[in-house]
Amino acid sequence: MGGAKLMNEKELADSFYTSVAEIKKEISKVIVGQEHAVDAVLTAIFCNGHALLVGVPGLAKTLLVKTVAQSMDLDFNRIQFTPDLMPGDITGNEILDEDRKFHFVKGPLFANIVLADEINRTPPKTQAALLEAMQERNVTVVGQHHALPKPFFVLATQNPIEQEGTYPLPEAQLDRFMFNIALEYPGYDEEMLILKGTTGAEEAAATQVLGAGNILQYQQLVRQVPVTDAVFEYAVSLVRKTRPGTPQADPLVNEFVSYGAGPRAGQFLILGAKCHALINGKFSPDREDVKTVAKNVLRHRLVRNYKAEAEGMSNDDLVNTLL
């Protein structure tokens with residue numbers, strides 16, 4: 001019985017490895033480069049987590065999310081966040097019908113993948129409604145709870161340079177994002193391919209590879225991946241180094257950080273490492289898998305002090321030092 005179960009898990013792991021390779025192949029038809037961002041978004045999805053994509057305009061943040069949704073048979077909604085967006089605009093509202101009875105009309109949050117475009121452009125009240133949806137997987141309207149579909153992911157985008165008219169995300173909401181994914185400018189060859197592929201008559205599109213049932217199954221598989229105590233100890237040690245004023249704090253953290261990462265960071269380090277191992281054909285993660293996901297997990301969980309900002313010490317610099 002145990003042998004049969006092990007074989008089934010191995011077959012499922014092989015199926016996961018093959019499916020992710022197919023998804024990445026489909027995404028590469030539309031998105032040139034940005035392999036680390038694609039890997040990170042897929043890892044977040046298969047860990048049942050949310051991701052924040054940060055980059056200057058024109059780096060295909062929105063296109064990446066739409067393409068990921070295209071490669072999976074999932075309901076997809078895009079919400080353009082603006083200063084006048086109200087909670088009911090995203091959750092839905094109670095409407096009085098012709099029979100003078102109220103019924104609930106679902107908002108755009110009721111989808112499997114929700115693209116929250118320029119999330120920092122909407123007021124705190126609407127961000128709070130999104131926060132509940134991300135954490136509880138349901139929304140509350142007029143005291144009634146409405147469950148969101150499964151699977152459910154928020155993939156949000158944020159422009160780091162234009163801060164006029166924005167509302168900074170509260171730390172509690174940032175902590176709900178499993179990953180903060182930084183998108184970089186493409187290389188010369190990649191930019192040549194982008195221009196050639198996007199200025200012609202034909203428009204590339206990704207075809208569907210997976211459905212909702214497959215994704216839920218793979219999420220369970222990620223949870224079942226065994227982890228050694230050495231990897232757990234490494235993840236715990238890494239998170240505890242980020243907390244200033246504690247015995248385990250790194251000297252650089254004591255100098256430049258006001259607040260470090262909480263326990264949720266350790267949970268996401270382990271889950272991300274498990275998924276990264278499976279994506280690369282391994283059945284158990286090692287320290288290198290933890291290191292690979294560490295920047296995406298930690299960069300938005302370190303609150304720098306004034307000295308760090310004055311001396312140009314970025315969150316990525318701090319995480320690189322810790323690693």
# chains A, B, ... in the order shown; residues from 1 in each chain; ligands from 1
$ closest_atom_pairs --of "range 25-121 of chain A" --to "range 279-290 of chain A" --cutoff "12 Å" --atoms "only C-alpha atoms" --output "JSON lines"
{"residue": "A:Val38", "atom": "CA", "partner": "A:Ile279", "partner_atom": "CA", "distance": 11.9}
{"residue": "A:Asp39", "atom": "CA", "partner": "A:Ile279", "partner_atom": "CA", "distance": 8.6}
{"residue": "A:Ala40", "atom": "CA", "partner": "A:Ile279", "partner_atom": "CA", "distance": 10.8}
{"residue": "A:Leu42", "atom": "CA", "partner": "A:Ile279", "partner_atom": "CA", "distance": 9.4}
{"residue": "A:Thr43", "atom": "CA", "partner": "A:Ile279", "partner_atom": "CA", "distance": 8.3}
{"residue": "A:Phe46", "atom": "CA", "partner": "A:Ile279", "partner_atom": "CA", "distance": 10.1}
{"residue": "A:Cys47", "atom": "CA", "partner": "A:Ile279", "partner_atom": "CA", "distance": 11.9}
$ write_last_selection --atoms "N, CA and C atoms" --output "PDB file, in the first residue's frame"
ATOM      1  N   VAL A  38       8.808  34.540 -14.569  1.00  0.00           N
ATOM      2  CA  VAL A  38       7.876  33.465 -14.933  1.00  0.00           C
ATOM      3  C   VAL A  38       7.947  32.346 -13.894  1.00  0.00           C
ATOM      4  N   ASP A  39       9.159  31.921 -13.542  1.00  0.00           N
ATOM      5  CA  ASP A  39       9.333  30.872 -12.528  1.00  0.00           C
ATOM      6  C   ASP A  39       8.699  31.288 -11.203  1.00  0.00           C
ATOM      7  N   ALA A  40       8.903  32.546 -10.814  1.00  0.00           N
ATOM      8  CA  ALA A  40       8.390  33.020  -9.526  1.00  0.00           C
ATOM      9  C   ALA A  40       6.862  33.064  -9.523  1.00  0.00           C
ATOM     10  N   LEU A  42       4.791  31.239 -11.360  1.00  0.00           N
ATOM     11  CA  LEU A  42       4.304  29.856 -11.346  1.00  0.00           C
ATOM     12  C   LEU A  42       4.494  29.223  -9.968  1.00  0.00           C
ATOM     13  N   THR A  43       5.627  29.530  -9.328  1.00  0.00           N
ATOM     14  CA  THR A  43       5.868  28.996  -7.978  1.00  0.00           C
ATOM     15  C   THR A  43       4.810  29.507  -7.010  1.00  0.00           C
ATOM     16  N   PHE A  46       1.468  27.631  -7.621  1.00  0.00           N
ATOM     17  CA  PHE A  46       1.429  26.235  -7.160  1.00  0.00           C
ATOM     18  C   PHE A  46       1.640  26.111  -5.648  1.00  0.00           C
ATOM     19  N   CYS A  47       2.020  27.214  -5.000  1.00  0.00           N
ATOM     20  CA  CYS A  47       2.082  27.252  -3.535  1.00  0.00           C
ATOM     21  C   CYS A  47       0.822  27.876  -2.938  1.00  0.00           C
TER      22      CYS A  47
END
$ residues_around --residues "Pro251 in chain A" --least-positions-apart "6" --cutoff "12 Å" --atoms "only C-alpha atoms" --output "PyMOL selection string"
chain A and resi 241-245+257+318+321-322
$ closest_residue --among "A:Ala273, A:Leu53, A:Met313, A:Leu298" --to "Leu252 in chain A" --atoms "only C-alpha atoms"
A:Met313
$ residues_around --residues "Glu26 in chain A" --least-positions-apart "3" --cutoff "8 Å" --atoms "only C-alpha atoms" --output "list in words"
Glu22, Ile23, Lys29, Val30, Ser71, Ala205, Ala206 and Thr207 of chain A
$ closest_residue --among "A:Gln219, A:Ser28, A:Gln173, A:Thr140" --to "Arg301 in chain A" --atoms "only C-alpha atoms"
A:Gln173
$ residues_around --residues "range 176-189 of chain A" --least-positions-apart "3" --cutoff "6 Å" --atoms "only C-alpha atoms" --output "list in words"
Gly49, His50, Ala51, Leu52, Leu53, Val54, Gly55, Gln173, Met192, Asn296 and Val297 of chain A
$ write_last_selection --atoms "C-alpha atoms" --output "compact mmCIF listing (two decimals), in the first residue's frame"
# COMPACT_ATOMS: atom_id res chain seq x y z
CA GLY A 49 0.20 32.25 -2.78
CA HIS A 50 -0.15 35.78 -4.14
CA ALA A 51 2.56 37.74 -5.95
CA LEU A 52 3.43 41.41 -6.41
CA LEU A 53 5.24 42.29 -9.65
CA VAL A 54 7.27 45.49 -9.42
CA GLY A 55 8.90 47.16 -12.39
CA GLN A 173 -0.92 43.73 3.17
CA MET A 192 15.74 42.71 -30.41
CA ASN A 296 11.36 37.28 -3.61
CA VAL A 297 10.21 36.30 -0.10
$ atom_distance --atom1 "CA of Asp84 in chain A" --atom2 "CA of Leu131 in chain A"
17.7 Å
$ atom_distance --atom1 "CA of Gln267 in chain A" --atom2 "CA of Asn320 in chain A"
19.7 Å
$ closest_residue --among "A:Leu130, A:Ala37, A:Leu216, A:Val56" --to "Ile79 in chain A" --atoms "only C-alpha atoms"
A:Leu130
$ closest_residue --among "A:Lys66, A:Lys106, A:Lys291, A:Lys307" --to "Glu94 in chain A" --atoms "only C-alpha atoms"
A:Lys106
$ closest_residue --among "A:Lys196, A:Lys101, A:His146, A:His276" --to "Phe16 in chain A" --atoms "only C-alpha atoms"
A:His276
$ atom_distance --atom1 "CA of Asp89 in chain A" --atom2 "CA of Leu59 in chain A"
27.5 Å
$ closest_residue --among "A:Val65, A:Val303, A:Val139, A:Leu115" --to "Glu255 in chain A" --atoms "only C-alpha atoms"
A:Val303
$ residues_around --residues "Gln127 in chain A" --least-positions-apart "3" --cutoff "9 Å" --atoms "only C-alpha atoms" --output "list in words"
Pro87, Ile119, Asn120, Thr122, Pro123, Pro124, Leu130, Leu131, Glu132, Leu169, Pro170 and Gln173 of chain A
$ write_last_selection --atoms "N, CA and C atoms" --output "PDB file, in the first residue's frame"
ATOM      1  N   PRO A  87     -14.622  49.749  -2.467  1.00  0.00           N
ATOM      2  CA  PRO A  87     -14.635  48.305  -2.176  1.00  0.00           C
ATOM      3  C   PRO A  87     -15.697  47.534  -2.954  1.00  0.00           C
ATOM      4  N   ILE A 119      -1.740  48.440  -8.081  1.00  0.00           N
ATOM      5  CA  ILE A 119      -2.474  48.250  -6.828  1.00  0.00           C
ATOM      6  C   ILE A 119      -2.309  49.428  -5.864  1.00  0.00           C
ATOM      7  N   ASN A 120      -1.173  50.115  -5.945  1.00  0.00           N
ATOM      8  CA  ASN A 120      -0.929  51.212  -4.999  1.00  0.00           C
ATOM      9  C   ASN A 120      -1.605  52.522  -5.405  1.00  0.00           C
ATOM     10  N   THR A 122      -4.967  52.843  -5.359  1.00  0.00           N
ATOM     11  CA  THR A 122      -6.321  52.870  -4.805  1.00  0.00           C
ATOM     12  C   THR A 122      -6.284  53.146  -3.309  1.00  0.00           C
ATOM     13  N   PRO A 123      -7.336  53.740  -2.747  1.00  0.00           N
ATOM     14  CA  PRO A 123      -7.318  54.126  -1.326  1.00  0.00           C
ATOM     15  C   PRO A 123      -7.282  52.932  -0.375  1.00  0.00           C
ATOM     16  N   PRO A 124      -6.894  53.167   0.892  1.00  0.00           N
ATOM     17  CA  PRO A 124      -6.764  52.090   1.879  1.00  0.00           C
ATOM     18  C   PRO A 124      -8.032  51.271   2.087  1.00  0.00           C
ATOM     19  N   LEU A 130      -9.474  44.089  -0.556  1.00  0.00           N
ATOM     20  CA  LEU A 130      -8.629  43.135  -1.277  1.00  0.00           C
ATOM     21  C   LEU A 130      -7.847  42.272  -0.296  1.00  0.00           C
ATOM     22  N   LEU A 131      -7.375  42.868   0.803  1.00  0.00           N
ATOM     23  CA  LEU A 131      -6.624  42.139   1.818  1.00  0.00           C
ATOM     24  C   LEU A 131      -7.448  40.993   2.394  1.00  0.00           C
ATOM     25  N   GLU A 132      -8.725  41.245   2.682  1.00  0.00           N
ATOM     26  CA  GLU A 132      -9.589  40.179   3.205  1.00  0.00           C
ATOM     27  C   GLU A 132      -9.713  39.045   2.189  1.00  0.00           C
ATOM     28  N   LEU A 169       1.283  50.583   0.110  1.00  0.00           N
ATOM     29  CA  LEU A 169       0.646  49.401   0.678  1.00  0.00           C
ATOM     30  C   LEU A 169       1.071  49.237   2.137  1.00  0.00           C
ATOM     31  N   PRO A 170       0.122  48.997   3.053  1.00  0.00           N
ATOM     32  CA  PRO A 170       0.488  48.775   4.455  1.00  0.00           C
ATOM     33  C   PRO A 170       1.302  47.493   4.609  1.00  0.00           C
ATOM     34  N   GLN A 173      -0.507  44.211   4.490  1.00  0.00           N
ATOM     35  CA  GLN A 173      -0.916  43.729   3.166  1.00  0.00           C
ATOM     36  C   GLN A 173       0.287  43.216   2.386  1.00  0.00           C
TER      37      GLN A 173
END
$ select_by_dssp --residues "range 139-320 of chain A" --states "strand (DSSP E)" --output "PyMOL selection string"
chain A and resi 139-141+144-147+153-158+177-182+210-211+257-259+303-304
$ write_last_selection --atoms "N, CA and C atoms" --output "PDB file, in the first residue's frame"
ATOM      1  N   VAL A 139     -15.184  37.286   0.543  1.00  0.00           N
ATOM      2  CA  VAL A 139     -15.453  38.718   0.702  1.00  0.00           C
ATOM      3  C   VAL A 139     -16.701  38.875   1.571  1.00  0.00           C
ATOM      4  N   THR A 140     -16.794  40.009   2.256  1.00  0.00           N
ATOM      5  CA  THR A 140     -17.946  40.291   3.107  1.00  0.00           C
ATOM      6  C   THR A 140     -18.663  41.516   2.568  1.00  0.00           C
ATOM      7  N   VAL A 141     -19.941  41.337   2.247  1.00  0.00           N
ATOM      8  CA  VAL A 141     -20.776  42.430   1.742  1.00  0.00           C
ATOM      9  C   VAL A 141     -22.062  42.455   2.557  1.00  0.00           C
ATOM     10  N   GLN A 144     -22.610  39.621   4.962  1.00  0.00           N
ATOM     11  CA  GLN A 144     -22.685  38.260   4.420  1.00  0.00           C
ATOM     12  C   GLN A 144     -21.353  37.871   3.796  1.00  0.00           C
ATOM     13  N   HIS A 145     -20.906  36.633   4.111  1.00  0.00           N
ATOM     14  CA  HIS A 145     -19.661  36.123   3.549  1.00  0.00           C
ATOM     15  C   HIS A 145     -19.946  35.400   2.226  1.00  0.00           C
ATOM     16  N   HIS A 146     -19.115  35.664   1.254  1.00  0.00           N
ATOM     17  CA  HIS A 146     -19.238  35.015  -0.053  1.00  0.00           C
ATOM     18  C   HIS A 146     -17.886  34.403  -0.404  1.00  0.00           C
ATOM     19  N   ALA A 147     -17.857  33.083  -0.563  1.00  0.00           N
ATOM     20  CA  ALA A 147     -16.600  32.377  -0.840  1.00  0.00           C
ATOM     21  C   ALA A 147     -16.135  32.649  -2.269  1.00  0.00           C
ATOM     22  N   PHE A 153      -5.972  33.461  -6.901  1.00  0.00           N
ATOM     23  CA  PHE A 153      -4.688  34.150  -6.763  1.00  0.00           C
ATOM     24  C   PHE A 153      -4.839  35.618  -7.120  1.00  0.00           C
ATOM     25  N   VAL A 154      -4.160  36.462  -6.367  1.00  0.00           N
ATOM     26  CA  VAL A 154      -4.025  37.865  -6.735  1.00  0.00           C
ATOM     27  C   VAL A 154      -2.603  38.079  -7.231  1.00  0.00           C
ATOM     28  N   LEU A 155      -2.488  38.500  -8.471  1.00  0.00           N
ATOM     29  CA  LEU A 155      -1.195  38.867  -9.039  1.00  0.00           C
ATOM     30  C   LEU A 155      -1.260  40.371  -9.294  1.00  0.00           C
ATOM     31  N   ALA A 156      -0.567  41.127  -8.476  1.00  0.00           N
ATOM     32  CA  ALA A 156      -0.672  42.585  -8.517  1.00  0.00           C
ATOM     33  C   ALA A 156       0.560  43.190  -9.167  1.00  0.00           C
ATOM     34  N   THR A 157       0.386  44.356  -9.797  1.00  0.00           N
ATOM     35  CA  THR A 157       1.524  45.069 -10.371  1.00  0.00           C
ATOM     36  C   THR A 157       1.673  46.415  -9.686  1.00  0.00           C
ATOM     37  N   GLN A 158       2.901  46.900  -9.675  1.00  0.00           N
ATOM     38  CA  GLN A 158       3.192  48.188  -9.037  1.00  0.00           C
ATOM     39  C   GLN A 158       4.340  48.862  -9.776  1.00  0.00           C
ATOM     40  N   PHE A 177       1.523  38.975   0.506  1.00  0.00           N
ATOM     41  CA  PHE A 177       2.090  38.534  -0.774  1.00  0.00           C
ATOM     42  C   PHE A 177       3.233  37.565  -0.508  1.00  0.00           C
ATOM     43  N   MET A 178       3.129  36.392  -1.071  1.00  0.00           N
ATOM     44  CA  MET A 178       4.204  35.413  -0.916  1.00  0.00           C
ATOM     45  C   MET A 178       5.501  35.953  -1.499  1.00  0.00           C
ATOM     46  N   PHE A 179       5.410  36.493  -2.713  1.00  0.00           N
ATOM     47  CA  PHE A 179       6.587  36.977  -3.433  1.00  0.00           C
ATOM     48  C   PHE A 179       6.439  38.449  -3.797  1.00  0.00           C
ATOM     49  N   ASN A 180       7.562  39.165  -3.765  1.00  0.00           N
ATOM     50  CA  ASN A 180       7.695  40.473  -4.405  1.00  0.00           C
ATOM     51  C   ASN A 180       8.704  40.268  -5.528  1.00  0.00           C
ATOM     52  N   ILE A 181       8.220  40.287  -6.770  1.00  0.00           N
ATOM     53  CA  ILE A 181       9.049  39.923  -7.924  1.00  0.00           C
ATOM     54  C   ILE A 181       9.509  41.189  -8.638  1.00  0.00           C
ATOM     55  N   ALA A 182      10.809  41.403  -8.691  1.00  0.00           N
ATOM     56  CA  ALA A 182      11.370  42.590  -9.349  1.00  0.00           C
ATOM     57  C   ALA A 182      11.676  42.259 -10.812  1.00  0.00           C
ATOM     58  N   LEU A 210      -3.135  23.530 -18.463  1.00  0.00           N
ATOM     59  CA  LEU A 210      -3.691  22.979 -17.222  1.00  0.00           C
ATOM     60  C   LEU A 210      -5.063  23.561 -16.925  1.00  0.00           C
ATOM     61  N   GLY A 211      -5.842  22.814 -16.125  1.00  0.00           N
ATOM     62  CA  GLY A 211      -7.117  23.303 -15.624  1.00  0.00           C
ATOM     63  C   GLY A 211      -7.078  23.475 -14.123  1.00  0.00           C
ATOM     64  N   VAL A 257      18.272  48.135   9.492  1.00  0.00           N
ATOM     65  CA  VAL A 257      16.883  47.658   9.430  1.00  0.00           C
ATOM     66  C   VAL A 257      16.124  48.042  10.699  1.00  0.00           C
ATOM     67  N   SER A 258      14.893  48.545  10.521  1.00  0.00           N
ATOM     68  CA  SER A 258      14.034  48.867  11.664  1.00  0.00           C
ATOM     69  C   SER A 258      13.229  47.659  12.112  1.00  0.00           C
ATOM     70  N   TYR A 259      12.660  46.943  11.140  1.00  0.00           N
ATOM     71  CA  TYR A 259      11.859  45.753  11.439  1.00  0.00           C
ATOM     72  C   TYR A 259      12.203  44.656  10.443  1.00  0.00           C
ATOM     73  N   VAL A 303      12.012  46.359   6.678  1.00  0.00           N
ATOM     74  CA  VAL A 303      11.745  47.797   6.735  1.00  0.00           C
ATOM     75  C   VAL A 303      13.054  48.502   7.067  1.00  0.00           C
ATOM     76  N   ARG A 304      13.616  49.210   6.080  1.00  0.00           N
ATOM     77  CA  ARG A 304      14.899  49.889   6.268  1.00  0.00           C
ATOM     78  C   ARG A 304      14.724  51.144   7.116  1.00  0.00           C
TER      79      ARG A 304
END
$ select_by_dssp --residues "range 171-323 of chain A" --states "helix (DSSP H, G or I)" --output "ChimeraX atom specification"
/A:171-176,188-198,212-224,229-240,251-256,263-279,287-298,306-310,315-322
$ residues_around --residues "His300 in chain A" --least-positions-apart "5" --cutoff "8 Å" --atoms "only C-alpha atoms" --output "PyMOL selection string"
chain A and resi 174-175+180+315
$ decode --residues "range 183-217 of chain A" --atoms "N, CA and C atoms" --output "PDB file, in the first residue's frame"
ATOM      1  N   LEU A 183      11.066  42.999 -11.733  1.00  0.00           N
ATOM      2  CA  LEU A 183      11.319  42.800 -13.157  1.00  0.00           C
ATOM      3  C   LEU A 183      12.390  43.780 -13.627  1.00  0.00           C
ATOM      4  N   GLU A 184      13.346  43.269 -14.381  1.00  0.00           N
ATOM      5  CA  GLU A 184      14.471  44.073 -14.852  1.00  0.00           C
ATOM      6  C   GLU A 184      14.324  44.370 -16.340  1.00  0.00           C
ATOM      7  N   TYR A 185      15.110  45.352 -16.813  1.00  0.00           N
ATOM      8  CA  TYR A 185      15.151  45.628 -18.246  1.00  0.00           C
ATOM      9  C   TYR A 185      15.685  44.414 -18.993  1.00  0.00           C
ATOM     10  N   PRO A 186      15.189  44.170 -20.227  1.00  0.00           N
ATOM     11  CA  PRO A 186      15.705  43.030 -21.007  1.00  0.00           C
ATOM     12  C   PRO A 186      17.116  43.294 -21.506  1.00  0.00           C
ATOM     13  N   GLY A 187      17.834  42.215 -21.823  1.00  0.00           N
ATOM     14  CA  GLY A 187      19.145  42.336 -22.432  1.00  0.00           C
ATOM     15  C   GLY A 187      19.016  42.757 -23.891  1.00  0.00           C
ATOM     16  N   TYR A 188      20.159  43.039 -24.528  1.00  0.00           N
ATOM     17  CA  TYR A 188      20.143  43.540 -25.914  1.00  0.00           C
ATOM     18  C   TYR A 188      19.474  42.542 -26.855  1.00  0.00           C
ATOM     19  N   ASP A 189      19.895  41.282 -26.818  1.00  0.00           N
ATOM     20  CA  ASP A 189      19.329  40.264 -27.716  1.00  0.00           C
ATOM     21  C   ASP A 189      17.842  40.065 -27.446  1.00  0.00           C
ATOM     22  N   GLU A 190      17.465  40.085 -26.159  1.00  0.00           N
ATOM     23  CA  GLU A 190      16.052  39.920 -25.813  1.00  0.00           C
ATOM     24  C   GLU A 190      15.222  41.076 -26.348  1.00  0.00           C
ATOM     25  N   GLU A 191      15.776  42.286 -26.250  1.00  0.00           N
ATOM     26  CA  GLU A 191      15.027  43.449 -26.730  1.00  0.00           C
ATOM     27  C   GLU A 191      14.858  43.412 -28.254  1.00  0.00           C
ATOM     28  N   MET A 192      15.873  42.892 -28.953  1.00  0.00           N
ATOM     29  CA  MET A 192      15.744  42.714 -30.406  1.00  0.00           C
ATOM     30  C   MET A 192      14.599  41.752 -30.718  1.00  0.00           C
ATOM     31  N   LEU A 193      14.517  40.642 -29.983  1.00  0.00           N
ATOM     32  CA  LEU A 193      13.456  39.658 -30.207  1.00  0.00           C
ATOM     33  C   LEU A 193      12.085  40.244 -29.884  1.00  0.00           C
ATOM     34  N   ILE A 194      12.014  41.075 -28.834  1.00  0.00           N
ATOM     35  CA  ILE A 194      10.747  41.707 -28.469  1.00  0.00           C
ATOM     36  C   ILE A 194      10.247  42.586 -29.617  1.00  0.00           C
ATOM     37  N   LEU A 195      11.144  43.403 -30.165  1.00  0.00           N
ATOM     38  CA  LEU A 195      10.746  44.300 -31.247  1.00  0.00           C
ATOM     39  C   LEU A 195      10.312  43.521 -32.488  1.00  0.00           C
ATOM     40  N   LYS A 196      11.065  42.484 -32.829  1.00  0.00           N
ATOM     41  CA  LYS A 196      10.719  41.686 -34.011  1.00  0.00           C
ATOM     42  C   LYS A 196       9.391  40.950 -33.826  1.00  0.00           C
ATOM     43  N   GLY A 197       9.138  40.502 -32.589  1.00  0.00           N
ATOM     44  CA  GLY A 197       7.944  39.696 -32.342  1.00  0.00           C
ATOM     45  C   GLY A 197       6.675  40.494 -32.121  1.00  0.00           C
ATOM     46  N   THR A 198       6.806  41.797 -31.832  1.00  0.00           N
ATOM     47  CA  THR A 198       5.611  42.584 -31.476  1.00  0.00           C
ATOM     48  C   THR A 198       5.268  43.680 -32.487  1.00  0.00           C
ATOM     49  N   THR A 199       6.047  43.799 -33.563  1.00  0.00           N
ATOM     50  CA  THR A 199       5.766  44.861 -34.541  1.00  0.00           C
ATOM     51  C   THR A 199       5.339  44.305 -35.889  1.00  0.00           C
ATOM     52  N   GLY A 200       5.085  42.991 -35.943  1.00  0.00           N
ATOM     53  CA  GLY A 200       4.637  42.376 -37.194  1.00  0.00           C
ATOM     54  C   GLY A 200       3.134  42.199 -37.222  1.00  0.00           C
ATOM     55  N   ALA A 201       2.668  41.466 -38.238  1.00  0.00           N
ATOM     56  CA  ALA A 201       1.225  41.288 -38.441  1.00  0.00           C
ATOM     57  C   ALA A 201       0.644  40.237 -37.501  1.00  0.00           C
ATOM     58  N   GLU A 202       1.419  39.216 -37.160  1.00  0.00           N
ATOM     59  CA  GLU A 202       0.905  38.127 -36.338  1.00  0.00           C
ATOM     60  C   GLU A 202       1.084  38.440 -34.853  1.00  0.00           C
ATOM     61  N   GLU A 203       0.081  38.019 -34.072  1.00  0.00           N
ATOM     62  CA  GLU A 203       0.128  38.215 -32.630  1.00  0.00           C
ATOM     63  C   GLU A 203       0.201  36.854 -31.953  1.00  0.00           C
ATOM     64  N   ALA A 204       1.247  36.630 -31.165  1.00  0.00           N
ATOM     65  CA  ALA A 204       1.439  35.339 -30.505  1.00  0.00           C
ATOM     66  C   ALA A 204       0.458  35.184 -29.351  1.00  0.00           C
ATOM     67  N   ALA A 205       0.081  33.925 -29.071  1.00  0.00           N
ATOM     68  CA  ALA A 205      -0.822  33.638 -27.953  1.00  0.00           C
ATOM     69  C   ALA A 205      -0.453  32.281 -27.370  1.00  0.00           C
ATOM     70  N   ALA A 206      -0.674  32.137 -26.071  1.00  0.00           N
ATOM     71  CA  ALA A 206      -0.398  30.872 -25.390  1.00  0.00           C
ATOM     72  C   ALA A 206      -1.641  29.990 -25.427  1.00  0.00           C
ATOM     73  N   THR A 207      -1.436  28.679 -25.525  1.00  0.00           N
ATOM     74  CA  THR A 207      -2.555  27.732 -25.486  1.00  0.00           C
ATOM     75  C   THR A 207      -2.643  27.110 -24.095  1.00  0.00           C
ATOM     76  N   GLN A 208      -3.822  26.637 -23.748  1.00  0.00           N
ATOM     77  CA  GLN A 208      -4.075  26.110 -22.407  1.00  0.00           C
ATOM     78  C   GLN A 208      -3.365  24.775 -22.197  1.00  0.00           C
ATOM     79  N   VAL A 209      -2.767  24.645 -21.021  1.00  0.00           N
ATOM     80  CA  VAL A 209      -2.060  23.418 -20.651  1.00  0.00           C
ATOM     81  C   VAL A 209      -2.728  22.739 -19.464  1.00  0.00           C
ATOM     82  N   LEU A 210      -3.135  23.530 -18.463  1.00  0.00           N
ATOM     83  CA  LEU A 210      -3.691  22.979 -17.222  1.00  0.00           C
ATOM     84  C   LEU A 210      -5.063  23.561 -16.925  1.00  0.00           C
ATOM     85  N   GLY A 211      -5.842  22.814 -16.125  1.00  0.00           N
ATOM     86  CA  GLY A 211      -7.117  23.303 -15.624  1.00  0.00           C
ATOM     87  C   GLY A 211      -7.078  23.475 -14.123  1.00  0.00           C
ATOM     88  N   ALA A 212      -8.185  23.953 -13.555  1.00  0.00           N
ATOM     89  CA  ALA A 212      -8.252  24.232 -12.114  1.00  0.00           C
ATOM     90  C   ALA A 212      -8.002  22.971 -11.293  1.00  0.00           C
ATOM     91  N   GLY A 213      -8.563  21.837 -11.735  1.00  0.00           N
ATOM     92  CA  GLY A 213      -8.386  20.579 -10.996  1.00  0.00           C
ATOM     93  C   GLY A 213      -6.927  20.183 -10.897  1.00  0.00           C
ATOM     94  N   ASN A 214      -6.190  20.313 -12.008  1.00  0.00           N
ATOM     95  CA  ASN A 214      -4.756  19.992 -11.997  1.00  0.00           C
ATOM     96  C   ASN A 214      -4.001  20.871 -11.017  1.00  0.00           C
ATOM     97  N   ILE A 215      -4.343  22.152 -11.006  1.00  0.00           N
ATOM     98  CA  ILE A 215      -3.617  23.100 -10.144  1.00  0.00           C
ATOM     99  C   ILE A 215      -3.850  22.770  -8.674  1.00  0.00           C
ATOM    100  N   LEU A 216      -5.100  22.478  -8.304  1.00  0.00           N
ATOM    101  CA  LEU A 216      -5.398  22.111  -6.917  1.00  0.00           C
ATOM    102  C   LEU A 216      -4.658  20.836  -6.522  1.00  0.00           C
ATOM    103  N   GLN A 217      -4.563  19.892  -7.456  1.00  0.00           N
ATOM    104  CA  GLN A 217      -3.841  18.642  -7.200  1.00  0.00           C
ATOM    105  C   GLN A 217      -2.349  18.911  -7.001  1.00  0.00           C
TER     106      GLN A 217
END
